[in-house]
Amino acid sequence: MTGTITRRSARFRGDAVIDFTDDDLPAPAAGEVRLRVDVCALCGSDKRLLASGSPVVPGHEIAGTVVATGEGAQLPTGTRCIVYIPVFCGGCDQCRRGRTNRCLQLRELIGWQRDGGFADVVDVPERCALPVPDDIPQDVAVLGLDTVGTAAHGLRLALRTQDEQPRRLLVVGCGPLGLGVVAVARALGIESVDAFDPHPGRLALAGRLGAGTRVDLDPENQYDVTVEVSGAAPARDAAQRVVVPGGAVLALGESNEPYTMPATPRWRRTDCFTVRSFYFPLAEVEGNWDLLRRCGPDLRDVLAHPLTLPELARAFDRFVAGDLLKPYIVSGASA
Ligand SMILES: [Zn+2]
Ligand SMILES: [Zn+2]
């Protein structure tokens, strides 16, 4: 037995063109596991690859099941996993302390520099395959990555800047990550969580997850922690304006614009933390399963829209149009 299989995968050709290829995949490399992709969720950041094209198979929010292993890999066939995308070295000073998202030798992200999950199977280093507890279904587990994992890590960093548990927290921008921040902030026991989004439908979803909904953010000095999740300049301005002195602005939003600090008297005369975070360390995964048990099913119900791999182009059209919040590409078996 050679272990070679035919893999069907999506290819992004640039200018929003997606096509599919069937190619031979040899047996998994030493130290790697082969997963059948059960769910690969679309992420806002995939839109960049859709426009630019990608030399590798995109897709980086993956839940899958082990179907084969390379030499030395131990995970039993049938193990359900989520995929940790930073291919960390495991040996540097940061990795040794469990801070794998800060790996000093980070070379690749799965779905960005090596093949990801818009395919029927994906091979990943075994250390990036995180087994899912039996009581958490795949469509909830996948939210443990960019949605809950990233939100929880950013919030944990921001909370560390504060002398006491913040009483009031604001989330600016209610896309999937912003809604994840709402859900996690509530699961972490923050008393009052508000949300703002210019899109009434998205704001209403934040309300469904238990946030107070705000339609204007004019007055200064309102929140202990503000979380900016849109990347838009007006949202960043608002997050800086409404934070109280001594508070923290958590900057999770991505955009191509530089994130600036205002040159105003108010900003010159205030104490403020600005916190930026990337993904989450393996050391936090255990705690994230607990958060997912509490808030994952509600988040999935608010966010997820299952579609199949042949529908990927349509999924992106509807995602880009804002019609679907978080399309899930699910395998035929679990559809
Ligand atoms: Zn993502
Ligand atoms: Zn490392």
# chains A, B, ... in the order shown; residues from 1 in each chain; ligands from 1

$ residues_near_ligand --ligand "ligand 1" --cutoff "7 Å" --atoms "only C-alpha atoms and all ligand atoms" --output "MDAnalysis selection string"
chainID A and resid 43:45 60:61 146

$ residues_near_ligand --ligand "ligand 2" --cutoff "7 Å" --atoms "only C-alpha atoms and all ligand atoms" --output "list in words"
Phe88, Cys89, Gly90, Gly91, Cys92, Asp93, Gln94, Cys95, Thr100, Cys103, Leu104, Gln105 and Leu106 of chain A

$ closest_residue --among "A:Leu177, A:Val172, A:Val302, A:Val244" --to "Asp194 (chain A)" --atoms "only C-alpha atoms"
A:Val172

$ select_by_dssp --residues "region 67-237 of chain A" --states "alpha helix (DSSP H)" --output "PyMOL selection string"
chain A and resi 93-96+138-141+148-160+176-187+200-208+233-237

$ select_by_dssp --residues "region 14-95 of chain A" --states "strand (DSSP E)" --output "PyMOL selection string"
chain A and resi 14+17-25+32-41+61-69+80-83

$ write_last_selection --atoms "N, CA and C atoms" --output "CSV table (one decimal), in the first residue's frame"
chain,number,residue,atom,x,y,z
A,14,GLY,N,-7.0,34.3,-8.1
A,14,GLY,CA,-7.0,35.8,-8.1
A,14,GLY,C,-8.2,36.4,-8.7
A,17,VAL,N,-11.5,34.4,-8.7
A,17,VAL,CA,-11.7,33.2,-9.4
A,17,VAL,C,-11.3,32.0,-8.6
A,18,ILE,N,-12.3,31.0,-8.4
A,18,ILE,CA,-12.0,29.8,-7.7
A,18,ILE,C,-12.2,28.6,-8.6
A,19,ASP,N,-11.2,27.7,-8.7
A,19,ASP,CA,-11.5,26.5,-9.4
A,19,ASP,C,-11.0,25.3,-8.6
A,20,PHE,N,-11.3,24.1,-9.0
A,20,PHE,CA,-11.0,22.9,-8.2
A,20,PHE,C,-10.0,22.0,-9.0
A,21,THR,N,-9.1,21.4,-8.3
A,21,THR,CA,-8.1,20.5,-8.9
A,21,THR,C,-8.2,19.1,-8.1
A,22,ASP,N,-7.9,18.1,-8.9
A,22,ASP,CA,-7.7,16.7,-8.3
A,22,ASP,C,-6.3,16.4,-8.4
A,23,ASP,N,-5.6,16.2,-7.3
A,23,ASP,CA,-4.2,15.8,-7.5
A,23,ASP,C,-3.8,14.6,-6.6
A,24,ASP,N,-2.8,13.9,-6.9
A,24,ASP,CA,-2.3,12.8,-6.1
A,24,ASP,C,-1.6,13.3,-4.9
A,25,LEU,N,-2.0,12.8,-3.8
A,25,LEU,CA,-1.3,13.1,-2.5
A,25,LEU,C,-0.6,11.9,-2.0
A,32,GLU,N,3.5,13.9,10.4
A,32,GLU,CA,2.3,14.6,10.0
A,32,GLU,C,1.1,13.7,10.1
A,33,VAL,N,-0.1,14.3,10.2
A,33,VAL,CA,-1.3,13.5,10.2
A,33,VAL,C,-2.2,14.0,9.0
A,34,ARG,N,-3.0,13.1,8.5
A,34,ARG,CA,-3.9,13.5,7.4
A,34,ARG,C,-5.3,13.5,8.0
A,35,LEU,N,-5.9,14.7,7.8
A,35,LEU,CA,-7.3,14.8,8.3
A,35,LEU,C,-8.3,14.9,7.2
A,36,ARG,N,-9.4,14.2,7.3
A,36,ARG,CA,-10.6,14.5,6.5
A,36,ARG,C,-11.1,15.8,7.0
A,37,VAL,N,-11.4,16.7,6.1
A,37,VAL,CA,-11.9,18.0,6.5
A,37,VAL,C,-13.4,17.9,6.8
A,38,ASP,N,-13.8,18.0,8.1
A,38,ASP,CA,-15.2,18.0,8.4
A,38,ASP,C,-15.8,19.4,8.3
A,39,VAL,N,-15.1,20.4,8.7
A,39,VAL,CA,-15.6,21.8,8.6
A,39,VAL,C,-14.4,22.7,8.3
A,40,CYS,N,-14.5,23.5,7.3
A,40,CYS,CA,-13.5,24.6,7.1
A,40,CYS,C,-14.3,25.9,7.0
A,41,ALA,N,-14.2,26.8,8.0
A,41,ALA,CA,-15.0,28.0,8.0
A,41,ALA,C,-14.3,29.1,7.2
A,61,GLU,N,-9.5,27.7,9.1
A,61,GLU,CA,-10.3,27.4,10.3
A,61,GLU,C,-10.9,26.0,10.1
A,62,ILE,N,-10.1,25.0,10.5
A,62,ILE,CA,-10.3,23.6,10.1
A,62,ILE,C,-10.6,22.7,11.3
A,63,ALA,N,-11.7,21.9,11.2
A,63,ALA,CA,-11.9,20.8,12.1
A,63,ALA,C,-12.0,19.6,11.2
A,64,GLY,N,-11.2,18.5,11.6
A,64,GLY,CA,-11.1,17.3,10.8
A,64,GLY,C,-10.9,16.1,11.6
A,65,THR,N,-10.9,15.0,10.9
A,65,THR,CA,-10.8,13.7,11.6
A,65,THR,C,-9.6,12.9,11.0
A,66,VAL,N,-8.7,12.4,11.9
A,66,VAL,CA,-7.5,11.7,11.4
A,66,VAL,C,-7.9,10.5,10.6
A,67,VAL,N,-7.4,10.4,9.4
A,67,VAL,CA,-7.6,9.3,8.5
A,67,VAL,C,-6.3,8.5,8.2
A,68,ALA,N,-5.2,9.1,8.4
A,68,ALA,CA,-3.9,8.4,8.1
A,68,ALA,C,-2.8,9.2,8.9
A,69,THR,N,-1.7,8.5,9.2
A,69,THR,CA,-0.6,9.1,9.9
A,69,THR,C,0.7,8.8,9.2
A,80,ARG,N,-10.9,13.2,16.4
A,80,ARG,CA,-11.4,14.5,15.9
A,80,ARG,C,-10.4,15.6,16.4
A,81,CYS,N,-10.1,16.5,15.5
A,81,CYS,CA,-9.1,17.6,15.8
A,81,CYS,C,-9.6,18.9,15.3
A,82,ILE,N,-9.0,20.0,15.9
A,82,ILE,CA,-9.0,21.3,15.2
A,82,ILE,C,-7.6,21.6,14.9
A,83,VAL,N,-7.4,22.5,13.9
A,83,VAL,CA,-6.0,22.7,13.4
A,83,VAL,C,-5.5,24.1,13.9
